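Asks: Sending over a structure as structure tokens; questions will come in a sec.
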Amino acid sequence: MAREGILLGYGNPLLDISVTGTQEFLDKYGLERDNAILAEDKHKPMYKDMVDTFGDKVEYVPGGATLNAIKVAQWLSGVPNATTFFGCINKDEFGKIMENKAREAGVNTKFQYTDKEPTGTCAVIVTEKYRSMCANLAAANCFTEEHLETPENWKLVEKAQYYYIAGFPLTVSPSTVIRIAKHAQASGKVFTMNLSAPFLCQFFKEPMLKTLPYVDILFGNETEAETFAKENNFGTTNIAEIALKIAELPKEDNKPRTVVITQGSNPTVVAKDGKTTEYPVIPIADKDIIDTNGAGDAFVGGFLAQLIQGKPVEECVKCGNYAANLIIQRSGCTYPETPDYK
């Protein structure tokens, strides 16, 4: 059963600044729809420009891939503080919004604080149901492994039985990721991770491949899986084959690795023990889709909510699909007060 502190996440906490935008606005900053990138200097003025251009249509939601998934798992678990989250923020206005909203969601946040950079933000520009995301990590980039040295924080690591880290922290503190992963493996616990974005599979391939031997469950979508396959010379673009090949990559222990690849409206592919299974998603009419932002994170959150209760993979995927289906019918990675998952 789920209990307090059973699931711990480490990620880049970003306050999502979300708006329904225009192709013209995307072009202005050289952004592509349905893509996620890290902000360069040319993108820095965009965050203020969004507020100036779109005014009161701008929404603020505490996010970042890991925190999104943790929030959804927390919501579905129904156990106060079942989840813990590590990340770095500034004690500025955005940081206060982030902390309050994450706590309201029932997550036990243990932030590291910095005054070197402002709280991280992520521009989410939705055009015709597609999202373009541009993250300015700022304070999130300042996270250090020292946070784990604080006895009360390490106790939370030890208390957890399951861990989830999106791929993004590999750009910030890969040593933190490895340390948590090694603890999980040495203690016979479950460590889960996400490919998270094509650029990570390309430019952060080395820390990703160093972490993979400790990963018990790896999530990703079809684009990320294809990029990973290309970067690692798998010689195939078939998603089921790619999932199997990733599942069979070397592992530090003898527990089989499970690989879960989502494909939008196409079936979710799960590879384990040398075979793949496909699980259809819940059908949805185009007119009911409001925003695909957070669908992948919500899927992971739903999956984890069942995993921490010891449920089988089929049940985990079913709940993941439920959460993703619900979230795409809303703006941003948000959800109603109580789940109606059965």
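Residues in the structure tokens are named by chain (A, B, ... in the order shown) and by number from 1 within that chain; ligands are numbered from 1 in the order shown.
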For Ala65 of chain A, find every residue with an atom within 12 Å (counting only C-alpha atoms), except residues of its own chain fewer than 3 positions away, and show them as a ChimeraX atom specification.
Replies: /A:9-16,36,62,68-72,85,87,122,133,135,164-169,193-197,220,293-301,332-333
Asks: Within segment 128-250 of chain A, find each residue whose DSSP state, derived from the backbone, is helix (DSSP H, G or I), and express the selection as JSON, numbers by chain.
Replies: {"A": [138, 139, 140, 141, 142, 145, 146, 147, 148, 149, 151, 152, 153, 154, 155, 156, 157, 158, 159, 168, 169, 170, 171, 174, 175, 176, 177, 178, 179, 180, 181, 182, 183, 184, 185, 186, 198, 199, 200, 201, 202, 203, 205, 206, 207, 208, 209, 210, 211, 212, 213, 214, 222, 223, 224, 225, 226, 227, 228, 229, 230, 231, 239, 240, 241, 242, 243, 244, 245, 246, 247]}
Asks: Between atom CA of Gly120 of chain A and atom CA of Ala140 of chain A, what is the distance in Å, rounded to a tenth?
Replies: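 If I compute the distance from atom CA of Gly120 of chain A to atom CA of Ala140 of chain A, I get 5.7 Å.
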Asks: Quick one: contact table of segment 256-331 of chain A to segment 235-242 of chain A, 8 Å max, nearest atom pair and distance in Å to one decimal per residue, counting only C-alpha atoms, chain and number order, as CSV?
Replies:
```
residue,atom,partner,partner_atom,distance
A:Ile261,CA,A:Ile239,CA,7.8
A:Val269,CA,A:Ala240,CA,6.4
A:Val270,CA,A:Ala240,CA,7.9
A:Ala271,CA,A:Ala240,CA,7.3
A:Thr276,CA,A:Ala240,CA,6.4
```
Asks: Can you tell me, as a PDB file with N, CA and C atoms, in the first residue's frame, which residues in segment 77-293 of chain A count as strand (DSSP E) by DSSP?
Replies:
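Result saved to part_5.pdb:
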```pdb
ATOM      1  N   THR A  83       4.449  11.426  -1.484  1.00  0.00           N
ATOM      2  CA  THR A  83       5.545  11.785  -2.388  1.00  0.00           C
ATOM      3  C   THR A  83       6.432  12.873  -1.791  1.00  0.00           C
ATOM      4  N   THR A  84       7.706  12.808  -2.150  1.00  0.00           N
ATOM      5  CA  THR A  84       8.699  13.808  -1.748  1.00  0.00           C
ATOM      6  C   THR A  84       9.345  14.336  -3.024  1.00  0.00           C
ATOM      7  N   PHE A  85       9.698  15.621  -3.037  1.00  0.00           N
ATOM      8  CA  PHE A  85      10.331  16.187  -4.230  1.00  0.00           C
ATOM      9  C   PHE A  85      11.532  17.045  -3.854  1.00  0.00           C
ATOM     10  N   PHE A  86      12.666  16.798  -4.548  1.00  0.00           N
ATOM     11  CA  PHE A  86      13.878  17.613  -4.417  1.00  0.00           C
ATOM     12  C   PHE A  86      14.068  18.446  -5.681  1.00  0.00           C
ATOM     13  N   GLY A  87      14.519  19.676  -5.513  1.00  0.00           N
ATOM     14  CA  GLY A  87      14.851  20.544  -6.641  1.00  0.00           C
ATOM     15  C   GLY A  87      15.321  21.867  -6.081  1.00  0.00           C
ATOM     16  N   CYS A  88      15.791  22.754  -6.942  1.00  0.00           N
ATOM     17  CA  CYS A  88      16.346  24.031  -6.471  1.00  0.00           C
ATOM     18  C   CYS A  88      15.542  25.218  -7.020  1.00  0.00           C
ATOM     19  N   ILE A  89      15.194  26.137  -6.109  1.00  0.00           N
ATOM     20  CA  ILE A  89      14.467  27.359  -6.491  1.00  0.00           C
ATOM     21  C   ILE A  89      15.086  28.567  -5.785  1.00  0.00           C
ATOM     22  N   ASN A 108       5.442  16.629  -0.457  1.00  0.00           N
ATOM     23  CA  ASN A 108       6.389  17.084   0.564  1.00  0.00           C
ATOM     24  C   ASN A 108       7.628  17.631  -0.154  1.00  0.00           C
ATOM     25  N   THR A 109       7.651  18.941  -0.379  1.00  0.00           N
ATOM     26  CA  THR A 109       8.783  19.533  -1.117  1.00  0.00           C
ATOM     27  C   THR A 109       9.921  19.834  -0.160  1.00  0.00           C
ATOM     28  N   LYS A 110      11.130  19.446  -0.568  1.00  0.00           N
ATOM     29  CA  LYS A 110      12.332  19.797   0.184  1.00  0.00           C
ATOM     30  C   LYS A 110      13.275  20.479  -0.803  1.00  0.00           C
ATOM     31  N   PHE A 111      13.069  21.783  -0.967  1.00  0.00           N
ATOM     32  CA  PHE A 111      13.844  22.520  -1.961  1.00  0.00           C
ATOM     33  C   PHE A 111      15.217  22.914  -1.421  1.00  0.00           C
ATOM     34  N   GLN A 112      16.158  22.974  -2.346  1.00  0.00           N
ATOM     35  CA  GLN A 112      17.430  23.627  -2.082  1.00  0.00           C
ATOM     36  C   GLN A 112      17.225  25.063  -2.577  1.00  0.00           C
ATOM     37  N   TYR A 113      17.767  26.044  -1.867  1.00  0.00           N
ATOM     38  CA  TYR A 113      17.532  27.435  -2.265  1.00  0.00           C
ATOM     39  C   TYR A 113      18.826  28.068  -2.759  1.00  0.00           C
ATOM     40  N   THR A 121      11.719  28.943 -14.983  1.00  0.00           N
ATOM     41  CA  THR A 121      10.418  29.092 -15.638  1.00  0.00           C
ATOM     42  C   THR A 121      10.409  28.296 -16.937  1.00  0.00           C
ATOM     43  N   CYS A 122       9.219  27.948 -17.376  1.00  0.00           N
ATOM     44  CA  CYS A 122       9.097  27.251 -18.655  1.00  0.00           C
ATOM     45  C   CYS A 122       7.955  27.884 -19.433  1.00  0.00           C
ATOM     46  N   ALA A 123       8.284  28.440 -20.584  1.00  0.00           N
ATOM     47  CA  ALA A 123       7.249  28.991 -21.455  1.00  0.00           C
ATOM     48  C   ALA A 123       6.548  27.821 -22.136  1.00  0.00           C
ATOM     49  N   VAL A 124       5.222  27.799 -22.048  1.00  0.00           N
ATOM     50  CA  VAL A 124       4.439  26.769 -22.721  1.00  0.00           C
ATOM     51  C   VAL A 124       3.495  27.492 -23.669  1.00  0.00           C
ATOM     52  N   ILE A 125       3.785  27.397 -24.965  1.00  0.00           N
ATOM     53  CA  ILE A 125       2.983  28.106 -25.958  1.00  0.00           C
ATOM     54  C   ILE A 125       2.193  27.074 -26.750  1.00  0.00           C
ATOM     55  N   VAL A 126       0.892  27.123 -26.596  1.00  0.00           N
ATOM     56  CA  VAL A 126       0.012  26.143 -27.236  1.00  0.00           C
ATOM     57  C   VAL A 126      -0.560  26.743 -28.516  1.00  0.00           C
ATOM     58  N   THR A 127      -0.359  26.036 -29.632  1.00  0.00           N
ATOM     59  CA  THR A 127      -0.971  26.444 -30.902  1.00  0.00           C
ATOM     60  C   THR A 127      -1.655  25.219 -31.487  1.00  0.00           C
ATOM     61  N   TYR A 130      -1.011  21.815 -30.071  1.00  0.00           N
ATOM     62  CA  TYR A 130       0.384  21.398 -29.959  1.00  0.00           C
ATOM     63  C   TYR A 130       1.097  22.354 -29.020  1.00  0.00           C
ATOM     64  N   ARG A 131       2.116  21.831 -28.332  1.00  0.00           N
ATOM     65  CA  ARG A 131       2.799  22.695 -27.386  1.00  0.00           C
ATOM     66  C   ARG A 131       4.248  22.896 -27.802  1.00  0.00           C
ATOM     67  N   SER A 132       4.736  24.086 -27.557  1.00  0.00           N
ATOM     68  CA  SER A 132       6.157  24.352 -27.702  1.00  0.00           C
ATOM     69  C   SER A 132       6.635  24.801 -26.338  1.00  0.00           C
ATOM     70  N   MET A 133       7.658  24.119 -25.837  1.00  0.00           N
ATOM     71  CA  MET A 133       8.138  24.432 -24.494  1.00  0.00           C
ATOM     72  C   MET A 133       9.575  24.915 -24.537  1.00  0.00           C
ATOM     73  N   CYS A 134       9.818  25.987 -23.790  1.00  0.00           N
ATOM     74  CA  CYS A 134      11.167  26.545 -23.742  1.00  0.00           C
ATOM     75  C   CYS A 134      11.499  26.819 -22.276  1.00  0.00           C
ATOM     76  N   ALA A 135      12.401  26.029 -21.740  1.00  0.00           N
ATOM     77  CA  ALA A 135      12.696  26.090 -20.307  1.00  0.00           C
ATOM     78  C   ALA A 135      13.925  26.941 -20.020  1.00  0.00           C
ATOM     79  N   ASN A 136      13.747  27.889 -19.103  1.00  0.00           N
ATOM     80  CA  ASN A 136      14.883  28.651 -18.585  1.00  0.00           C
ATOM     81  C   ASN A 136      15.144  28.103 -17.186  1.00  0.00           C
ATOM     82  N   TYR A 162      10.413   3.813  -3.937  1.00  0.00           N
ATOM     83  CA  TYR A 162      10.371   4.031  -5.385  1.00  0.00           C
ATOM     84  C   TYR A 162      10.933   5.425  -5.680  1.00  0.00           C
ATOM     85  N   TYR A 163      11.604   5.546  -6.827  1.00  0.00           N
ATOM     86  CA  TYR A 163      12.227   6.819  -7.207  1.00  0.00           C
ATOM     87  C   TYR A 163      11.885   7.128  -8.652  1.00  0.00           C
ATOM     88  N   TYR A 164      11.630   8.407  -8.915  1.00  0.00           N
ATOM     89  CA  TYR A 164      11.400   8.824 -10.303  1.00  0.00           C
ATOM     90  C   TYR A 164      12.175  10.104 -10.587  1.00  0.00           C
ATOM     91  N   ILE A 165      12.968  10.051 -11.635  1.00  0.00           N
ATOM     92  CA  ILE A 165      13.735  11.217 -12.076  1.00  0.00           C
ATOM     93  C   ILE A 165      13.579  11.318 -13.593  1.00  0.00           C
ATOM     94  N   VAL A 190      13.108   0.362  -6.281  1.00  0.00           N
ATOM     95  CA  VAL A 190      12.777   0.512  -7.711  1.00  0.00           C
ATOM     96  C   VAL A 190      13.114   1.924  -8.189  1.00  0.00           C
ATOM     97  N   PHE A 191      14.023   1.997  -9.181  1.00  0.00           N
ATOM     98  CA  PHE A 191      14.447   3.286  -9.734  1.00  0.00           C
ATOM     99  C   PHE A 191      13.873   3.446 -11.137  1.00  0.00           C
ATOM    100  N   THR A 192      13.166   4.547 -11.367  1.00  0.00           N
ATOM    101  CA  THR A 192      12.548   4.788 -12.678  1.00  0.00           C
ATOM    102  C   THR A 192      13.027   6.103 -13.262  1.00  0.00           C
ATOM    103  N   MET A 193      13.118   6.158 -14.586  1.00  0.00           N
ATOM    104  CA  MET A 193      13.646   7.349 -15.258  1.00  0.00           C
ATOM    105  C   MET A 193      12.910   7.555 -16.575  1.00  0.00           C
ATOM    106  N   ASN A 194      13.154   8.704 -17.201  1.00  0.00           N
ATOM    107  CA  ASN A 194      12.493   9.038 -18.463  1.00  0.00           C
ATOM    108  C   ASN A 194      13.520   9.566 -19.467  1.00  0.00           C
ATOM    109  N   ILE A 217      12.744   0.819 -14.528  1.00  0.00           N
ATOM    110  CA  ILE A 217      11.664   1.142 -15.477  1.00  0.00           C
ATOM    111  C   ILE A 217      12.042   2.436 -16.192  1.00  0.00           C
ATOM    112  N   LEU A 218      12.075   2.371 -17.523  1.00  0.00           N
ATOM    113  CA  LEU A 218      12.401   3.545 -18.324  1.00  0.00           C
ATOM    114  C   LEU A 218      11.187   3.944 -19.156  1.00  0.00           C
ATOM    115  N   PHE A 219      10.819   5.218 -19.068  1.00  0.00           N
ATOM    116  CA  PHE A 219       9.717   5.760 -19.858  1.00  0.00           C
ATOM    117  C   PHE A 219      10.260   6.601 -21.011  1.00  0.00           C
ATOM    118  N   GLY A 220       9.428   6.781 -22.040  1.00  0.00           N
ATOM    119  CA  GLY A 220       9.781   7.677 -23.136  1.00  0.00           C
ATOM    120  C   GLY A 220       8.635   7.716 -24.123  1.00  0.00           C
ATOM    121  N   ASN A 221       8.724   8.624 -25.088  1.00  0.00           N
ATOM    122  CA  ASN A 221       7.727   8.600 -26.169  1.00  0.00           C
ATOM    123  C   ASN A 221       8.407   8.147 -27.457  1.00  0.00           C
ATOM    124  N   THR A 258      12.126  -2.867 -17.414  1.00  0.00           N
ATOM    125  CA  THR A 258      10.888  -2.643 -18.163  1.00  0.00           C
ATOM    126  C   THR A 258      11.006  -1.321 -18.911  1.00  0.00           C
ATOM    127  N   VAL A 259      10.642  -1.321 -20.187  1.00  0.00           N
ATOM    128  CA  VAL A 259      10.668  -0.090 -20.990  1.00  0.00           C
ATOM    129  C   VAL A 259       9.253   0.209 -21.461  1.00  0.00           C
ATOM    130  N   VAL A 260       8.813   1.438 -21.208  1.00  0.00           N
ATOM    131  CA  VAL A 260       7.441   1.843 -21.517  1.00  0.00           C
ATOM    132  C   VAL A 260       7.487   3.028 -22.484  1.00  0.00           C
ATOM    133  N   ILE A 261       7.022   2.803 -23.716  1.00  0.00           N
ATOM    134  CA  ILE A 261       7.059   3.862 -24.735  1.00  0.00           C
ATOM    135  C   ILE A 261       5.628   4.256 -25.118  1.00  0.00           C
ATOM    136  N   THR A 262       5.295   5.521 -24.882  1.00  0.00           N
ATOM    137  CA  THR A 262       3.980   6.021 -25.295  1.00  0.00           C
ATOM    138  C   THR A 262       4.089   6.559 -26.719  1.00  0.00           C
ATOM    139  N   GLN A 263       2.958   6.541 -27.447  1.00  0.00           N
ATOM    140  CA  GLN A 263       2.961   6.969 -28.854  1.00  0.00           C
ATOM    141  C   GLN A 263       1.743   7.837 -29.163  1.00  0.00           C
ATOM    142  N   ASN A 266      -1.542   6.330 -30.492  1.00  0.00           N
ATOM    143  CA  ASN A 266      -1.271   4.923 -30.806  1.00  0.00           C
ATOM    144  C   ASN A 266      -0.983   4.135 -29.522  1.00  0.00           C
ATOM    145  N   PRO A 267      -1.056   2.794 -29.574  1.00  0.00           N
ATOM    146  CA  PRO A 267      -0.884   2.006 -28.342  1.00  0.00           C
ATOM    147  C   PRO A 267       0.459   2.230 -27.644  1.00  0.00           C
ATOM    148  N   THR A 268       0.438   2.098 -26.340  1.00  0.00           N
ATOM    149  CA  THR A 268       1.647   2.169 -25.519  1.00  0.00           C
ATOM    150  C   THR A 268       2.355   0.821 -25.612  1.00  0.00           C
ATOM    151  N   VAL A 269       3.667   0.867 -25.843  1.00  0.00           N
ATOM    152  CA  VAL A 269       4.466  -0.355 -25.985  1.00  0.00           C
ATOM    153  C   VAL A 269       5.238  -0.604 -24.693  1.00  0.00           C
ATOM    154  N   VAL A 270       5.105  -1.822 -24.155  1.00  0.00           N
ATOM    155  CA  VAL A 270       5.854  -2.194 -22.956  1.00  0.00           C
ATOM    156  C   VAL A 270       6.740  -3.391 -23.279  1.00  0.00           C
ATOM    157  N   ALA A 271       8.044  -3.234 -23.029  1.00  0.00           N
ATOM    158  CA  ALA A 271       8.990  -4.326 -23.274  1.00  0.00           C
ATOM    159  C   ALA A 271       9.544  -4.833 -21.952  1.00  0.00           C
ATOM    160  N   LYS A 272       9.512  -6.144 -21.781  1.00  0.00           N
ATOM    161  CA  LYS A 272      10.064  -6.765 -20.569  1.00  0.00           C
ATOM    162  C   LYS A 272      10.286  -8.248 -20.834  1.00  0.00           C
ATOM    163  N   LYS A 275       9.965  -9.759 -24.413  1.00  0.00           N
ATOM    164  CA  LYS A 275       8.770  -9.648 -25.252  1.00  0.00           C
ATOM    165  C   LYS A 275       8.105  -8.277 -25.066  1.00  0.00           C
ATOM    166  N   THR A 276       7.301  -7.911 -26.070  1.00  0.00           N
ATOM    167  CA  THR A 276       6.605  -6.617 -25.981  1.00  0.00           C
ATOM    168  C   THR A 276       5.090  -6.840 -25.953  1.00  0.00           C
ATOM    169  N   THR A 277       4.413  -5.940 -25.263  1.00  0.00           N
ATOM    170  CA  THR A 277       2.956  -5.949 -25.207  1.00  0.00           C
ATOM    171  C   THR A 277       2.473  -4.555 -25.562  1.00  0.00           C
ATOM    172  N   GLU A 278       1.367  -4.484 -26.306  1.00  0.00           N
ATOM    173  CA  GLU A 278       0.807  -3.173 -26.657  1.00  0.00           C
ATOM    174  C   GLU A 278      -0.504  -2.957 -25.896  1.00  0.00           C
ATOM    175  N   TYR A 279      -0.658  -1.751 -25.380  1.00  0.00           N
ATOM    176  CA  TYR A 279      -1.867  -1.395 -24.639  1.00  0.00           C
ATOM    177  C   TYR A 279      -2.522  -0.197 -25.325  1.00  0.00           C
TER     178      TYR A 279
END
```
Asks: Give the answer as one residue: which of A:Ile328, A:Leu170, A:Gly64, A:Glu146 has the shortest atom-to-atom distance to Thr119 of chain A, using only C-alpha atoms?
Replies: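 Using only C-alpha atoms, Thr119 of chain A sits closest to A:Gly64.
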Asks: Would you kindly return, as a VMD selection string, each protein, DNA or RNA residue with an atom no farther than 12 Å from any atom of Lys251 of chain A, considering only C-alpha atoms and excluding same-chain residues fewer than 2 positions away?
Replies: chain A and resid 181 to 182 185 209 to 217 246 to 249 253 to 258
Asks: Which residue out of A:Cys316, A:Ala305, A:Ala186, A:Ile97 has the minimum interatomic distance to Glu252 of chain A when only C-alpha atoms are used?
Replies: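 With only C-alpha atoms as the atom set, the closest residue is A:Ala186.
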Asks: Select, from A:Leu67, A:Ile284, A:Ile180, A:Met46, the residue with the minimum atom-to-atom distance to Lys28 of chain A, counting only C-alpha atoms.
Replies: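 Checking each of A:Leu67, A:Ile284, A:Ile180, A:Met46 against Lys28 of chain A, counting only C-alpha atoms, the winner is A:Met46.
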Asks: When you count only C-alpha atoms, which of these residues is closest to Asp27 of chain A: A:Ala243, A:Ile6, A:His43, A:Ala324?
Replies: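 Checking each candidate against Asp27 of chain A, we get A:His43 as the closest.
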Asks: Rounded to one decimal place, report the atom CA of Asn90 of chain A-atom CA of Thr114 of chain A distance in Å.
Replies: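 Going from atom CA of Asn90 of chain A over to atom CA of Thr114 of chain A, I get 5.2 Å.
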Asks: May I ask which of the residues A:Phe199, A:Glu315, A:Pro283, A:Leu76 is the closest one to Asp340 of chain A, counting only C-alpha atoms?
Replies: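 Using only C-alpha atoms, the shortest distance to Asp340 of chain A belongs to A:Leu76.
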